[in-house]
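What's in target-v4.cif: mmCIF, N, CA and C atoms and all ligand atoms
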```cif
data_structure
#
loop_
_atom_site.label_atom_id
_atom_site.label_comp_id
_atom_site.auth_asym_id
_atom_site.auth_seq_id
_atom_site.Cartn_x
_atom_site.Cartn_y
_atom_site.Cartn_z
N MET A 1 -21.93 -9.84 10.25
CA MET A 1 -22.83 -10.68 9.46
C MET A 1 -23.33 -9.91 8.24
N LEU A 2 -23.15 -10.51 7.10
CA LEU A 2 -23.59 -9.88 5.86
C LEU A 2 -24.96 -10.45 5.48
N LYS A 3 -25.85 -9.55 5.12
CA LYS A 3 -27.20 -10.01 4.76
C LYS A 3 -27.36 -10.06 3.25
N LEU A 4 -27.67 -11.23 2.75
CA LEU A 4 -27.84 -11.41 1.31
C LEU A 4 -29.27 -11.85 1.05
N SER A 5 -30.04 -11.00 0.37
CA SER A 5 -31.43 -11.35 0.07
C SER A 5 -31.62 -11.48 -1.43
N ILE A 6 -32.37 -12.48 -1.78
CA ILE A 6 -32.65 -12.73 -3.20
C ILE A 6 -34.16 -12.62 -3.40
N CYS A 7 -34.57 -11.90 -4.43
CA CYS A 7 -36.00 -11.74 -4.69
C CYS A 7 -36.57 -13.02 -5.30
N PHE A 8 -37.64 -13.50 -4.68
CA PHE A 8 -38.33 -14.67 -5.22
C PHE A 8 -39.74 -14.33 -5.66
N GLY A 9 -39.96 -13.06 -6.02
CA GLY A 9 -41.22 -12.69 -6.65
C GLY A 9 -41.33 -13.43 -7.97
N SER A 10 -42.52 -13.43 -8.58
CA SER A 10 -42.70 -14.31 -9.75
C SER A 10 -41.80 -13.92 -10.92
N ALA A 11 -41.58 -12.63 -11.14
CA ALA A 11 -40.74 -12.23 -12.27
C ALA A 11 -39.29 -12.67 -12.05
N CYS A 12 -38.77 -12.43 -10.88
CA CYS A 12 -37.39 -12.84 -10.60
C CYS A 12 -37.26 -14.36 -10.61
N HIS A 13 -38.29 -15.02 -10.12
CA HIS A 13 -38.29 -16.48 -10.15
C HIS A 13 -38.13 -16.96 -11.60
N LEU A 14 -38.93 -16.38 -12.49
CA LEU A 14 -38.85 -16.76 -13.91
C LEU A 14 -37.51 -16.41 -14.52
N GLN A 15 -36.88 -15.40 -13.99
CA GLN A 15 -35.58 -14.98 -14.54
C GLN A 15 -34.41 -15.72 -13.88
N GLY A 16 -34.72 -16.70 -13.04
CA GLY A 16 -33.64 -17.56 -12.56
C GLY A 16 -33.19 -17.34 -11.13
N ALA A 17 -34.09 -16.83 -10.29
CA ALA A 17 -33.70 -16.58 -8.89
C ALA A 17 -33.16 -17.83 -8.20
N TYR A 18 -33.73 -19.01 -8.54
CA TYR A 18 -33.26 -20.23 -7.88
C TYR A 18 -31.84 -20.59 -8.29
N SER A 19 -31.52 -20.37 -9.56
CA SER A 19 -30.15 -20.70 -9.95
C SER A 19 -29.17 -19.70 -9.35
N VAL A 20 -29.62 -18.45 -9.16
CA VAL A 20 -28.78 -17.45 -8.48
C VAL A 20 -28.56 -17.90 -7.02
N LEU A 21 -29.64 -18.31 -6.37
CA LEU A 21 -29.53 -18.78 -4.99
C LEU A 21 -28.56 -19.96 -4.90
N ASN A 22 -28.71 -20.92 -5.80
CA ASN A 22 -27.85 -22.10 -5.74
C ASN A 22 -26.40 -21.75 -5.99
N ALA A 23 -26.17 -20.81 -6.89
CA ALA A 23 -24.79 -20.39 -7.16
C ALA A 23 -24.19 -19.73 -5.91
N PHE A 24 -24.94 -18.89 -5.24
CA PHE A 24 -24.44 -18.27 -4.00
C PHE A 24 -24.20 -19.33 -2.92
N LYS A 25 -25.15 -20.25 -2.80
CA LYS A 25 -25.01 -21.30 -1.78
C LYS A 25 -23.75 -22.11 -2.01
N ALA A 26 -23.49 -22.45 -3.27
CA ALA A 26 -22.31 -23.26 -3.58
C ALA A 26 -21.03 -22.52 -3.18
N LEU A 27 -21.01 -21.21 -3.43
CA LEU A 27 -19.81 -20.43 -3.09
C LEU A 27 -19.67 -20.28 -1.57
N ILE A 28 -20.79 -20.07 -0.90
CA ILE A 28 -20.76 -19.93 0.56
C ILE A 28 -20.24 -21.22 1.18
N ASP A 29 -20.67 -22.36 0.63
CA ASP A 29 -20.17 -23.66 1.11
C ASP A 29 -18.69 -23.82 0.81
N LYS A 30 -18.33 -23.46 -0.42
CA LYS A 30 -16.95 -23.64 -0.84
C LYS A 30 -15.99 -22.85 0.06
N TYR A 31 -16.38 -21.63 0.40
CA TYR A 31 -15.52 -20.78 1.23
C TYR A 31 -15.79 -20.97 2.73
N GLU A 32 -16.75 -21.85 3.03
CA GLU A 32 -17.08 -22.19 4.43
C GLU A 32 -17.37 -20.95 5.26
N ILE A 33 -18.22 -20.08 4.72
CA ILE A 33 -18.54 -18.85 5.45
C ILE A 33 -20.02 -18.81 5.82
N GLN A 34 -20.60 -20.01 5.99
CA GLN A 34 -22.04 -20.08 6.32
C GLN A 34 -22.38 -19.23 7.54
N SER A 35 -21.47 -19.17 8.50
CA SER A 35 -21.79 -18.45 9.73
C SER A 35 -21.69 -16.93 9.55
N GLU A 36 -21.17 -16.48 8.43
CA GLU A 36 -21.00 -15.04 8.22
C GLU A 36 -22.09 -14.44 7.34
N ILE A 37 -22.90 -15.31 6.72
CA ILE A 37 -23.88 -14.83 5.75
C ILE A 37 -25.29 -15.18 6.20
N ASP A 38 -26.13 -14.17 6.19
CA ASP A 38 -27.53 -14.37 6.49
C ASP A 38 -28.26 -14.36 5.14
N LEU A 39 -28.60 -15.55 4.66
CA LEU A 39 -29.18 -15.68 3.32
C LEU A 39 -30.69 -15.78 3.44
N GLU A 40 -31.40 -14.93 2.71
CA GLU A 40 -32.86 -15.00 2.82
C GLU A 40 -33.54 -14.68 1.49
N GLY A 41 -34.79 -15.05 1.40
CA GLY A 41 -35.59 -14.73 0.21
C GLY A 41 -36.43 -13.50 0.48
N ASN A 42 -36.68 -12.72 -0.56
CA ASN A 42 -37.50 -11.53 -0.45
C ASN A 42 -38.72 -11.64 -1.35
N PHE A 43 -39.73 -10.88 -1.02
CA PHE A 43 -40.84 -10.72 -1.96
C PHE A 43 -40.44 -9.71 -3.02
N CYS A 44 -41.34 -9.50 -3.96
CA CYS A 44 -41.06 -8.59 -5.08
C CYS A 44 -40.55 -7.24 -4.57
N GLN A 45 -39.49 -6.78 -5.20
CA GLN A 45 -38.86 -5.52 -4.83
C GLN A 45 -39.31 -4.36 -5.72
N GLY A 46 -40.29 -4.64 -6.58
CA GLY A 46 -40.84 -3.59 -7.43
C GLY A 46 -39.96 -3.21 -8.61
N GLN A 47 -38.99 -4.05 -8.91
CA GLN A 47 -38.09 -3.74 -10.03
C GLN A 47 -37.99 -4.95 -10.96
N CYS A 48 -39.17 -5.53 -11.22
CA CYS A 48 -39.24 -6.82 -11.90
C CYS A 48 -38.56 -6.86 -13.26
N THR A 49 -38.60 -5.75 -13.99
CA THR A 49 -38.01 -5.79 -15.33
C THR A 49 -36.50 -5.86 -15.28
N GLU A 50 -35.93 -5.63 -14.12
CA GLU A 50 -34.46 -5.65 -14.00
C GLU A 50 -33.97 -6.80 -13.14
N GLY A 51 -34.81 -7.85 -13.04
CA GLY A 51 -34.44 -8.98 -12.21
C GLY A 51 -33.35 -9.83 -12.83
N VAL A 52 -32.78 -10.67 -12.14
CA VAL A 52 -33.05 -10.99 -10.74
C VAL A 52 -32.47 -9.88 -9.85
N ILE A 53 -33.26 -9.48 -8.89
CA ILE A 53 -32.84 -8.45 -7.93
C ILE A 53 -32.30 -9.12 -6.67
N ILE A 54 -31.13 -8.72 -6.26
CA ILE A 54 -30.64 -9.18 -4.95
C ILE A 54 -30.25 -7.95 -4.14
N LYS A 55 -30.13 -8.18 -2.84
CA LYS A 55 -29.73 -7.10 -1.95
C LYS A 55 -28.61 -7.62 -1.07
N ILE A 56 -27.53 -6.88 -1.00
CA ILE A 56 -26.46 -7.23 -0.08
C ILE A 56 -26.40 -6.10 0.94
N ASN A 57 -26.71 -6.44 2.18
CA ASN A 57 -27.01 -5.43 3.20
C ASN A 57 -28.05 -4.49 2.59
N ASP A 58 -27.75 -3.19 2.40
CA ASP A 58 -28.79 -2.33 1.85
C ASP A 58 -28.57 -1.99 0.39
N GLU A 59 -27.59 -2.62 -0.20
CA GLU A 59 -27.29 -2.30 -1.60
C GLU A 59 -28.07 -3.21 -2.54
N ILE A 60 -28.83 -2.59 -3.44
CA ILE A 60 -29.60 -3.37 -4.41
C ILE A 60 -28.74 -3.63 -5.65
N ILE A 61 -28.71 -4.86 -6.09
CA ILE A 61 -27.98 -5.20 -7.32
C ILE A 61 -28.98 -5.80 -8.29
N LYS A 62 -29.00 -5.25 -9.51
CA LYS A 62 -30.02 -5.65 -10.50
C LYS A 62 -29.41 -6.54 -11.56
N ASN A 63 -30.31 -7.15 -12.32
CA ASN A 63 -29.90 -7.97 -13.47
C ASN A 63 -28.89 -9.05 -13.10
N VAL A 64 -29.11 -9.69 -11.99
CA VAL A 64 -28.19 -10.74 -11.56
C VAL A 64 -28.57 -12.05 -12.25
N SER A 65 -27.59 -12.70 -12.80
CA SER A 65 -27.80 -14.04 -13.35
C SER A 65 -26.78 -14.95 -12.70
N LYS A 66 -26.96 -16.27 -12.87
CA LYS A 66 -26.02 -17.15 -12.17
C LYS A 66 -24.59 -16.96 -12.69
N GLU A 67 -24.48 -16.52 -13.94
CA GLU A 67 -23.14 -16.28 -14.50
C GLU A 67 -22.44 -15.10 -13.81
N LYS A 68 -23.23 -14.19 -13.24
CA LYS A 68 -22.63 -13.01 -12.60
C LYS A 68 -22.35 -13.22 -11.12
N VAL A 69 -22.82 -14.34 -10.58
CA VAL A 69 -22.76 -14.51 -9.14
C VAL A 69 -21.32 -14.51 -8.62
N PHE A 70 -20.42 -15.18 -9.32
CA PHE A 70 -19.06 -15.25 -8.78
C PHE A 70 -18.42 -13.87 -8.69
N GLU A 71 -18.64 -13.07 -9.74
CA GLU A 71 -18.09 -11.70 -9.76
C GLU A 71 -18.62 -10.90 -8.56
N ILE A 72 -19.93 -10.98 -8.34
CA ILE A 72 -20.55 -10.24 -7.24
C ILE A 72 -20.04 -10.76 -5.90
N PHE A 73 -19.95 -12.08 -5.80
CA PHE A 73 -19.48 -12.71 -4.57
C PHE A 73 -18.07 -12.25 -4.24
N LYS A 74 -17.24 -12.24 -5.27
CA LYS A 74 -15.84 -11.83 -5.08
C LYS A 74 -15.77 -10.38 -4.58
N ASP A 75 -16.52 -9.50 -5.26
CA ASP A 75 -16.48 -8.08 -4.91
C ASP A 75 -17.11 -7.76 -3.58
N LYS A 76 -18.33 -8.26 -3.40
CA LYS A 76 -19.14 -7.77 -2.29
C LYS A 76 -19.05 -8.65 -1.05
N VAL A 77 -18.78 -9.93 -1.25
CA VAL A 77 -18.75 -10.82 -0.09
C VAL A 77 -17.31 -11.03 0.37
N LEU A 78 -16.47 -11.44 -0.57
CA LEU A 78 -15.07 -11.64 -0.18
C LEU A 78 -14.37 -10.30 0.01
N GLY A 79 -14.82 -9.32 -0.75
CA GLY A 79 -14.38 -7.93 -0.62
C GLY A 79 -12.94 -7.70 -0.26
N GLY A 80 -12.69 -7.42 0.99
CA GLY A 80 -11.34 -7.08 1.43
C GLY A 80 -10.34 -8.22 1.36
N GLY A 81 -10.75 -9.36 0.87
CA GLY A 81 -9.83 -10.48 0.72
C GLY A 81 -9.49 -11.15 2.04
N GLN A 82 -10.40 -11.05 3.00
CA GLN A 82 -10.11 -11.65 4.31
C GLN A 82 -10.33 -13.16 4.33
N TYR A 83 -10.85 -13.73 3.21
CA TYR A 83 -11.06 -15.18 3.19
C TYR A 83 -10.04 -15.87 2.33
S1 LIG A 101 -40.25 -10.13 -8.78
FE1 LIG A 101 -38.27 -9.49 -8.18
S2 LIG A 101 -38.47 -7.34 -8.26
FE2 LIG A 101 -40.46 -8.01 -8.75
#
```
Show the structure stored in the file as structure tokens.
Amino acid sequence: MLKLSICFGSACHLQGAYSVLNAFKALIDKYEIQSEIDLEGNFCQGQCTEGVIIKINDEIIKNVSKEKVFEIFKDKVLGGGQY
């Protein structure tokens, strides 16, 4: 199970955390991997100027926008190409 957390602190919210969430959700649905991903919201991660902040397992990824979601999804979620 891969843990994907998205920061919903006020700064990340203003920087588009919801559109990042929706973009991830759409991909998770498209690839039908709902049972493999634990998707959750986080409070402020203390790195507001570099938002949107997401975490995949323990790896922090900064400056995420909805345009970058597919790239991140491909690399970090689909990774080894098992899907
Ligand atoms: S609001 Fe996301 S890091 Fe502070």
Can you write out as JSON lines which residues of chain A fall within 6.5 Å of ligand LIG 101 (chain A), alongside each residue's closest atom pair and its distance in Å to one decimal, counting all atoms listed in the file and ordering rows by chain and ascending residue number?
```
{"residue": "A:Cys7", "atom": "CA", "partner": "A:LIG101", "partner_atom": "FE1", "distance": 4.7}
{"residue": "A:Phe8", "atom": "C", "partner": "A:LIG101", "partner_atom": "S1", "distance": 5.3}
{"residue": "A:Gly9", "atom": "CA", "partner": "A:LIG101", "partner_atom": "S1", "distance": 3.5}
{"residue": "A:Ser10", "atom": "N", "partner": "A:LIG101", "partner_atom": "S1", "distance": 4.0}
{"residue": "A:Ala11", "atom": "N", "partner": "A:LIG101", "partner_atom": "S1", "distance": 3.7}
{"residue": "A:Cys12", "atom": "N", "partner": "A:LIG101", "partner_atom": "S1", "distance": 3.4}
{"residue": "A:His13", "atom": "N", "partner": "A:LIG101", "partner_atom": "S1", "distance": 5.4}
{"residue": "A:Phe43", "atom": "C", "partner": "A:LIG101", "partner_atom": "FE1", "distance": 5.6}
{"residue": "A:Cys44", "atom": "CA", "partner": "A:LIG101", "partner_atom": "FE2", "distance": 3.8}
{"residue": "A:Gln45", "atom": "N", "partner": "A:LIG101", "partner_atom": "S2", "distance": 3.3}
{"residue": "A:Gly46", "atom": "N", "partner": "A:LIG101", "partner_atom": "S2", "distance": 3.7}
{"residue": "A:Gln47", "atom": "N", "partner": "A:LIG101", "partner_atom": "S2", "distance": 3.4}
{"residue": "A:Cys48", "atom": "N", "partner": "A:LIG101", "partner_atom": "S2", "distance": 3.5}
{"residue": "A:Thr49", "atom": "N", "partner": "A:LIG101", "partner_atom": "S2", "distance": 5.9}
{"residue": "A:Gly51", "atom": "CA", "partner": "A:LIG101", "partner_atom": "FE1", "distance": 5.6}
{"residue": "A:Val52", "atom": "CA", "partner": "A:LIG101", "partner_atom": "FE1", "distance": 6.0}
{"residue": "A:Ile53", "atom": "N", "partner": "A:LIG101", "partner_atom": "FE1", "distance": 5.1}
```
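Excluding Glu59 (chain A) and any residue on its chain fewer than 4 positions from it, the residues at most 12 Å away by only C-alpha atoms are Leu2, Lys3, Leu4, Ser5, Ile6, Ile53, Ile54, Lys55, Ile72 and Lys76 of chain A.
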Pairwise distance, atom N of Ser19 (chain A) with CA of Glu40 (chain A), equals 13.6 Å
So what do you get for CA of Lys66 (chain A) versus atom C of Val20 (chain A), distance-wise?
->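 Pair CA of Lys66 (chain A) / atom C of Val20 (chain A) returns 5.8 Å.
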| What are the DSSP strand (DSSP E) residues of chain A, as a PyMOL selection string? | chain A and resi 2-7+37-42+54-56+59-61
Residue selection dump (N, CA and C atoms) as a compact mmCIF listing (two decimals), keeping the file's coordinate frame:
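Heads up, here's the output in part_37.txt:
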```txt
# COMPACT_ATOMS: atom_id res chain seq x y z
N LEU A 2 -23.15 -10.51 7.10
CA LEU A 2 -23.59 -9.88 5.86
C LEU A 2 -24.96 -10.45 5.48
N LYS A 3 -25.85 -9.55 5.12
CA LYS A 3 -27.20 -10.01 4.76
C LYS A 3 -27.36 -10.06 3.25
N LEU A 4 -27.67 -11.23 2.75
CA LEU A 4 -27.84 -11.41 1.31
C LEU A 4 -29.27 -11.85 1.05
N SER A 5 -30.04 -11.00 0.37
CA SER A 5 -31.43 -11.35 0.07
C SER A 5 -31.62 -11.48 -1.43
N ILE A 6 -32.37 -12.48 -1.78
CA ILE A 6 -32.65 -12.73 -3.20
C ILE A 6 -34.16 -12.62 -3.40
N CYS A 7 -34.57 -11.90 -4.43
CA CYS A 7 -36.00 -11.74 -4.69
C CYS A 7 -36.57 -13.02 -5.30
N ILE A 37 -22.90 -15.31 6.72
CA ILE A 37 -23.88 -14.83 5.75
C ILE A 37 -25.29 -15.18 6.20
N ASP A 38 -26.13 -14.17 6.19
CA ASP A 38 -27.53 -14.37 6.49
C ASP A 38 -28.26 -14.36 5.14
N LEU A 39 -28.60 -15.55 4.66
CA LEU A 39 -29.18 -15.68 3.32
C LEU A 39 -30.69 -15.78 3.44
N GLU A 40 -31.40 -14.93 2.71
CA GLU A 40 -32.86 -15.00 2.82
C GLU A 40 -33.54 -14.68 1.49
N GLY A 41 -34.79 -15.05 1.40
CA GLY A 41 -35.59 -14.73 0.21
C GLY A 41 -36.43 -13.50 0.48
N ASN A 42 -36.68 -12.72 -0.56
CA ASN A 42 -37.50 -11.53 -0.45
C ASN A 42 -38.72 -11.64 -1.35
N ILE A 54 -31.13 -8.72 -6.26
CA ILE A 54 -30.64 -9.18 -4.95
C ILE A 54 -30.25 -7.95 -4.14
N LYS A 55 -30.13 -8.18 -2.84
CA LYS A 55 -29.73 -7.10 -1.95
C LYS A 55 -28.61 -7.62 -1.07
N ILE A 56 -27.53 -6.88 -1.00
CA ILE A 56 -26.46 -7.23 -0.08
C ILE A 56 -26.40 -6.10 0.94
N GLU A 59 -27.59 -2.62 -0.20
CA GLU A 59 -27.29 -2.30 -1.60
C GLU A 59 -28.07 -3.21 -2.54
N ILE A 60 -28.83 -2.59 -3.44
CA ILE A 60 -29.60 -3.37 -4.41
C ILE A 60 -28.74 -3.63 -5.65
N ILE A 61 -28.71 -4.86 -6.09
CA ILE A 61 -27.98 -5.20 -7.32
C ILE A 61 -28.98 -5.80 -8.29
```
**Request:** Have a look at CA of Val69 (chain A) and CA of Ala23 (chain A) and let me know their distance in Å, one decimal.
**Result:**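 Between CA of Val69 (chain A) and CA of Ala23 (chain A) the gap is 6.5 Å.
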Return the padded bounding box of region 57-65 of chain A as AutoDock Vina command-line options: axis-aligned, built from all atoms listed in the file, 4 Å added on each side, with centre and edge lengths in Å to one decimal.
```
--center_x -28.5 --center_y -8.5 --center_z -5.1 --size_x 11.6 --size_y 21.0 --size_z 24.7
```
Kindly indicate which residue among A:Val77, A:Lys30, A:Ser65, A:Met1 lies nearest to Gly16 (chain A), using all atoms listed in the file for the distances.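 Of all the options, A:Ser65 lies closest to Gly16 (chain A).
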**Request:** Would you mind writing down, as number ranges by chain, each residue of chain A that DSSP on the backbone assigns to helix (DSSP H, G or I)?
**Result:** A: 10-14, 17-30, 34-36, 48-50, 66-78
Starting from the incomplete input, reconstruct all heavy atoms of region 3-14 of chain A and report them as a PDB file, in the coordinates of the input.
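rebuild02.pdb, freshly written:
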```
ATOM      1  N   LYS A   3     -25.850  -9.550   5.120  1.00  0.00           N
ATOM      2  CA  LYS A   3     -27.200 -10.010   4.760  1.00  0.00           C
ATOM      3  C   LYS A   3     -27.360 -10.060   3.250  1.00  0.00           C
ATOM      4  O   LYS A   3     -27.168  -9.058   2.573  1.00  0.00           O
ATOM      5  CB  LYS A   3     -28.219  -9.060   5.368  1.00  0.00           C
ATOM      6  CG  LYS A   3     -29.606  -9.569   5.292  1.00  0.00           C
ATOM      7  CD  LYS A   3     -30.466  -8.783   6.232  1.00  0.00           C
ATOM      8  CE  LYS A   3     -31.907  -8.841   5.796  1.00  0.00           C
ATOM      9  NZ  LYS A   3     -32.743  -7.971   6.599  1.00  0.00           N
ATOM     10  N   LEU A   4     -27.670 -11.230   2.750  1.00  0.00           N
ATOM     11  CA  LEU A   4     -27.840 -11.410   1.310  1.00  0.00           C
ATOM     12  C   LEU A   4     -29.270 -11.850   1.050  1.00  0.00           C
ATOM     13  O   LEU A   4     -29.703 -12.901   1.511  1.00  0.00           O
ATOM     14  CB  LEU A   4     -26.845 -12.478   0.846  1.00  0.00           C
ATOM     15  CG  LEU A   4     -26.946 -13.007  -0.575  1.00  0.00           C
ATOM     16  CD1 LEU A   4     -26.768 -11.897  -1.589  1.00  0.00           C
ATOM     17  CD2 LEU A   4     -25.890 -14.066  -0.812  1.00  0.00           C
ATOM     18  N   SER A   5     -30.040 -11.000   0.370  1.00  0.00           N
ATOM     19  CA  SER A   5     -31.430 -11.350   0.070  1.00  0.00           C
ATOM     20  C   SER A   5     -31.620 -11.480  -1.430  1.00  0.00           C
ATOM     21  O   SER A   5     -31.101 -10.680  -2.202  1.00  0.00           O
ATOM     22  CB  SER A   5     -32.399 -10.278   0.552  1.00  0.00           C
ATOM     23  OG  SER A   5     -31.917  -9.578   1.640  1.00  0.00           O
ATOM     24  N   ILE A   6     -32.370 -12.480  -1.780  1.00  0.00           N
ATOM     25  CA  ILE A   6     -32.650 -12.730  -3.200  1.00  0.00           C
ATOM     26  C   ILE A   6     -34.160 -12.620  -3.400  1.00  0.00           C
ATOM     27  O   ILE A   6     -34.926 -13.178  -2.615  1.00  0.00           O
ATOM     28  CB  ILE A   6     -32.156 -14.122  -3.613  1.00  0.00           C
ATOM     29  CG1 ILE A   6     -30.643 -14.196  -3.395  1.00  0.00           C
ATOM     30  CG2 ILE A   6     -32.514 -14.414  -5.083  1.00  0.00           C
ATOM     31  CD1 ILE A   6     -30.027 -15.555  -3.644  1.00  0.00           C
ATOM     32  N   CYS A   7     -34.570 -11.900  -4.430  1.00  0.00           N
ATOM     33  CA  CYS A   7     -36.000 -11.740  -4.690  1.00  0.00           C
ATOM     34  C   CYS A   7     -36.570 -13.020  -5.300  1.00  0.00           C
ATOM     35  O   CYS A   7     -36.054 -13.525  -6.281  1.00  0.00           O
ATOM     36  CB  CYS A   7     -36.226 -10.562  -5.629  1.00  0.00           C
ATOM     37  SG  CYS A   7     -37.956 -10.400  -6.092  1.00  0.00           S
ATOM     38  N   PHE A   8     -37.640 -13.500  -4.680  1.00  0.00           N
ATOM     39  CA  PHE A   8     -38.330 -14.670  -5.220  1.00  0.00           C
ATOM     40  C   PHE A   8     -39.740 -14.330  -5.660  1.00  0.00           C
ATOM     41  O   PHE A   8     -40.620 -15.176  -5.665  1.00  0.00           O
ATOM     42  CB  PHE A   8     -38.346 -15.815  -4.200  1.00  0.00           C
ATOM     43  CG  PHE A   8     -37.010 -16.505  -4.134  1.00  0.00           C
ATOM     44  CD1 PHE A   8     -36.153 -16.269  -3.076  1.00  0.00           C
ATOM     45  CD2 PHE A   8     -36.611 -17.342  -5.151  1.00  0.00           C
ATOM     46  CE1 PHE A   8     -34.908 -16.872  -3.034  1.00  0.00           C
ATOM     47  CE2 PHE A   8     -35.364 -17.950  -5.121  1.00  0.00           C
ATOM     48  CZ  PHE A   8     -34.508 -17.714  -4.060  1.00  0.00           C
ATOM     49  N   GLY A   9     -39.960 -13.060  -6.020  1.00  0.00           N
ATOM     50  CA  GLY A   9     -41.220 -12.690  -6.650  1.00  0.00           C
ATOM     51  C   GLY A   9     -41.330 -13.430  -7.970  1.00  0.00           C
ATOM     52  O   GLY A   9     -40.333 -13.977  -8.457  1.00  0.00           O
ATOM     53  N   SER A  10     -42.520 -13.430  -8.580  1.00  0.00           N
ATOM     54  CA  SER A  10     -42.700 -14.310  -9.750  1.00  0.00           C
ATOM     55  C   SER A  10     -41.800 -13.920 -10.920  1.00  0.00           C
ATOM     56  O   SER A  10     -41.263 -14.777 -11.602  1.00  0.00           O
ATOM     57  CB  SER A  10     -44.155 -14.394 -10.157  1.00  0.00           C
ATOM     58  OG  SER A  10     -44.713 -13.123 -10.144  1.00  0.00           O
ATOM     59  N   ALA A  11     -41.580 -12.630 -11.140  1.00  0.00           N
ATOM     60  CA  ALA A  11     -40.740 -12.230 -12.270  1.00  0.00           C
ATOM     61  C   ALA A  11     -39.290 -12.670 -12.050  1.00  0.00           C
ATOM     62  O   ALA A  11     -38.663 -13.237 -12.945  1.00  0.00           O
ATOM     63  CB  ALA A  11     -40.812 -10.723 -12.486  1.00  0.00           C
ATOM     64  N   CYS A  12     -38.770 -12.430 -10.880  1.00  0.00           N
ATOM     65  CA  CYS A  12     -37.390 -12.840 -10.600  1.00  0.00           C
ATOM     66  C   CYS A  12     -37.260 -14.360 -10.610  1.00  0.00           C
ATOM     67  O   CYS A  12     -36.270 -14.903 -11.083  1.00  0.00           O
ATOM     68  CB  CYS A  12     -36.894 -12.255  -9.283  1.00  0.00           C
ATOM     69  SG  CYS A  12     -36.589 -10.480  -9.395  1.00  0.00           S
ATOM     70  N   HIS A  13     -38.290 -15.020 -10.120  1.00  0.00           N
ATOM     71  CA  HIS A  13     -38.290 -16.480 -10.150  1.00  0.00           C
ATOM     72  C   HIS A  13     -38.130 -16.960 -11.600  1.00  0.00           C
ATOM     73  O   HIS A  13     -37.297 -17.814 -11.893  1.00  0.00           O
ATOM     74  CB  HIS A  13     -39.593 -16.999  -9.540  1.00  0.00           C
ATOM     75  CG  HIS A  13     -39.723 -18.477  -9.577  1.00  0.00           C
ATOM     76  ND1 HIS A  13     -39.011 -19.290  -8.732  1.00  0.00           N
ATOM     77  CD2 HIS A  13     -40.447 -19.277 -10.381  1.00  0.00           C
ATOM     78  CE1 HIS A  13     -39.310 -20.550  -9.031  1.00  0.00           C
ATOM     79  NE2 HIS A  13     -40.172 -20.576 -10.015  1.00  0.00           N
ATOM     80  N   LEU A  14     -38.930 -16.380 -12.490  1.00  0.00           N
ATOM     81  CA  LEU A  14     -38.850 -16.760 -13.910  1.00  0.00           C
ATOM     82  C   LEU A  14     -37.510 -16.410 -14.520  1.00  0.00           C
ATOM     83  O   LEU A  14     -37.064 -17.051 -15.467  1.00  0.00           O
ATOM     84  CB  LEU A  14     -39.964 -16.073 -14.710  1.00  0.00           C
ATOM     85  CG  LEU A  14     -41.365 -16.616 -14.484  1.00  0.00           C
ATOM     86  CD1 LEU A  14     -42.393 -15.762 -15.226  1.00  0.00           C
ATOM     87  CD2 LEU A  14     -41.447 -18.066 -14.951  1.00  0.00           C
TER      88      LEU A  14
END
```
